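Everything below concerns the one structure shown next.
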Amino acid sequence: RTRVEFRLAVVQLQVTSVKADNLSRARRLVKEAAGQGSKVVLLPECFNSPYGTGFFASYAERIPGESTQMLSEIAKENKVYLVGGSIPEEDGGKLYNSCTVFNPDGELILKHRKIHLFDISVPGKIHFQESETLSPGNSLSMFETPFCKIGVGICYDIRFAELAQLYSRKGCQLLVYPGAFNMTTGPAHWELLQRGRAVDNQVYVATASPARDETASYVAWGHSTVVSPWGEVVSKAGPEEAVIYADIDLQYLADIRQQIPITSQRRGDLYTVTAIQEASS
């Protein structure tokens, strides 16, 4: 059978409090990923700054700004589609958790602002309120590549099955979620959610976490992952800084959709999930 494949790289970056170091490390690892034949490269959530409501304002930038300018340059230098994890974005006096995507010419082709803010409280374990400082985005976000259409969510967005379902219905074959699950939710739900989204929608799912830093105020779980449309983990990092790779096989995806044809078997006469706001591109 014909193989319609492209290589995806996920960069699990060690993020420090020094923005310049984070940017130069990202530059080096994206170059490394491109050198291994990657056509699409994914960076983690909050890759240029420590994660936490106390950091967002001081690390926030306009877009375009320092961090996104660097992303544009490395996308162009390495001729890759670069999903720039996320950064704290300042716009009109508001802060957003925003993912920018650049094409191999270095052009900004998408900006996804995290639409579900991470406000949770697990007694004795973790309390976190992104809404203390951040505002939510209001659009679905997808972009086209010569390989396939890709849908973007950020971290907490992965818990909302409707978003992934809409992306799948609109033709996405790969969903990417830069994210930073923590030491409570990470071991419990990180892989489970990715496998669920992949199986439900018969798509590839990739997540990029910062590497774990036990000394940080918010300790990320790590374990960036790529899951196949069959729900198998095809690639997974440990807790430390790493680049992981996966060959995204769109023929395999098509075969699975043919073997288990859930798309044509949905009971649209009984239920439907619809998008109210159209996608940004």
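Each chain in the structure tokens gets a letter, A, B, ..., in the order shown, and its residues are numbered from 1; ligands are numbered from 1 in order too.
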
Worksheet item: DSSP says alpha helix (DSSP H) for which residues of stretch 19-243 of chain A? Put them as a VMD selection string?
Response: chain A and resid 19 to 35 53 to 59 66 to 78 161 to 169 185 191 to 201

Per residue of stretch 108-198 of chain A within 12 Å of stretch 60-73 of chain A, record the nearest atom pair and its distance in Å to one decimal, counting only C-alpha atoms, with rows in chain order and ascending residue number, as a tab-separated table.
residue	atom	partner	partner_atom	distance
A:Leu108	CA	A:Ser72	CA	7.1
A:Ile109	CA	A:Ser72	CA	10.3
A:Leu110	CA	A:Ile63	CA	11.4
A:Lys111	CA	A:Ile63	CA	9.2
A:His112	CA	A:Ile63	CA	11.8
A:Arg113	CA	A:Ile63	CA	11.7
A:Thr133	CA	A:Ala60	CA	11.2
A:Leu134	CA	A:Ala60	CA	10.8

Could you list, as a PDB file with N, CA and C atoms, in the first residue's frame, every residue within 8 Å of stretch 27-36 of chain A, counting only C-alpha atoms and ignoring same-chain residues fewer than 2 positions away?
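File selection.pdb, as written:
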ATOM      1  N   ALA A   9       7.884  15.935  15.232  1.00  0.00           N
ATOM      2  CA  ALA A   9       8.775  15.978  16.399  1.00  0.00           C
ATOM      3  C   ALA A   9       8.094  16.754  17.510  1.00  0.00           C
ATOM      4  N   VAL A  11       9.058  18.559  21.096  1.00  0.00           N
ATOM      5  CA  VAL A  11      10.185  19.033  21.911  1.00  0.00           C
ATOM      6  C   VAL A  11       9.712  19.221  23.347  1.00  0.00           C
ATOM      7  N   LEU A  23      14.514  30.521  24.947  1.00  0.00           N
ATOM      8  CA  LEU A  23      14.433  30.733  23.503  1.00  0.00           C
ATOM      9  C   LEU A  23      15.606  30.081  22.775  1.00  0.00           C
ATOM     10  N   SER A  24      16.811  30.223  23.324  1.00  0.00           N
ATOM     11  CA  SER A  24      17.965  29.647  22.625  1.00  0.00           C
ATOM     12  C   SER A  24      17.932  28.125  22.675  1.00  0.00           C
ATOM     13  N   ARG A  25      17.432  27.569  23.764  1.00  0.00           N
ATOM     14  CA  ARG A  25      17.309  26.114  23.866  1.00  0.00           C
ATOM     15  C   ARG A  25      16.253  25.595  22.888  1.00  0.00           C
ATOM     16  N   SER A  38      12.082  15.952  10.500  1.00  0.00           N
ATOM     17  CA  SER A  38      10.739  16.365  10.943  1.00  0.00           C
ATOM     18  C   SER A  38      10.184  17.476  10.068  1.00  0.00           C
ATOM     19  N   LYS A  39       8.921  17.383   9.724  1.00  0.00           N
ATOM     20  CA  LYS A  39       8.244  18.396   8.911  1.00  0.00           C
ATOM     21  C   LYS A  39       7.342  19.281   9.757  1.00  0.00           C
ATOM     22  N   VAL A  41       6.943  20.469  13.893  1.00  0.00           N
ATOM     23  CA  VAL A  41       7.602  20.440  15.204  1.00  0.00           C
ATOM     24  C   VAL A  41       6.701  21.140  16.216  1.00  0.00           C
ATOM     25  N   MET A  70      11.406  34.958  17.106  1.00  0.00           N
ATOM     26  CA  MET A  70      12.361  33.844  17.102  1.00  0.00           C
ATOM     27  C   MET A  70      11.721  32.593  16.491  1.00  0.00           C
ATOM     28  N   LEU A  71      10.457  32.332  16.833  1.00  0.00           N
ATOM     29  CA  LEU A  71       9.774  31.174  16.260  1.00  0.00           C
ATOM     30  C   LEU A  71       9.683  31.299  14.742  1.00  0.00           C
ATOM     31  N   ILE A  74      13.127  30.466  13.239  1.00  0.00           N
ATOM     32  CA  ILE A  74      13.560  29.063  13.224  1.00  0.00           C
ATOM     33  C   ILE A  74      12.669  28.195  12.345  1.00  0.00           C
ATOM     34  N   ASN A  78      14.659  26.305   9.311  1.00  0.00           N
ATOM     35  CA  ASN A  78      14.617  24.844   9.299  1.00  0.00           C
ATOM     36  C   ASN A  78      13.549  24.272   8.379  1.00  0.00           C
ATOM     37  N   LYS A  79      12.805  25.169   7.711  1.00  0.00           N
ATOM     38  CA  LYS A  79      11.779  24.748   6.735  1.00  0.00           C
ATOM     39  C   LYS A  79      10.789  23.752   7.338  1.00  0.00           C
ATOM     40  N   VAL A  80      10.240  24.134   8.512  1.00  0.00           N
ATOM     41  CA  VAL A  80       9.260  23.279   9.183  1.00  0.00           C
ATOM     42  C   VAL A  80       8.001  24.066   9.504  1.00  0.00           C
ATOM     43  N   VAL A 243      13.640  15.195  22.792  1.00  0.00           N
ATOM     44  CA  VAL A 243      12.863  15.353  21.561  1.00  0.00           C
ATOM     45  C   VAL A 243      12.372  13.963  21.178  1.00  0.00           C
TER      46      VAL A 243
END

Worksheet item: Any idea what's packed within 7 Å of stretch 143-152 of chain A, counting only C-alpha atoms, ignoring anything in its chain fewer than 6 positions away? Could you give it as a list of chain:residue names?
Response: A:Phe6, A:Leu110, A:His112, A:Tyr167, A:Gly171, A:Cys172, A:Gln173, A:Leu174, A:Leu175, A:Val176, A:Tyr177, A:Ser281

Practice prompt. Measure the distance from atom CA of A:Ala206 to atom CA of A:Ser139 in Å and round it to one decimal.
Written response: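 Computing the Euclidean distance for atom CA of A:Ala206 and atom CA of A:Ser139 yields 20.1 Å.
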
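If you count only C-alpha atoms and ignore residues fewer than 3 places along the chain from A:Ala208, what sits within 8 Å of it is Val10, Val11, Gln12, Leu42, Leu43, Pro44, Glu45, Gly85, Tyr177, Pro178, Gly179, Ala180, Gly222, Ser224 and Thr225 of chain A.
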
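The residue that comes closest to A:Ser58, out of A:Lys19, A:Arg197, A:Lys114, A:Lys76 and on the basis of only C-alpha atoms, is A:Lys19.
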
Worksheet item: Tell me, which residues of stretch 18-256 of chain A carry DSSP strand (DSSP E or B), written as an MDAnalysis selection string?
Response: chainID A and resid 40:42 61 81:83 87:91 94:102 108:113 119:122 126:129 141:144 149:152 172:178 182 204:208 220 225:227 233:236 242:249

Response to the item:
A:Glu241 proximity check over A:Gln129, A:Ser209, A:Gln258, A:Thr100, using only C-alpha atoms: winner is A:Ser209
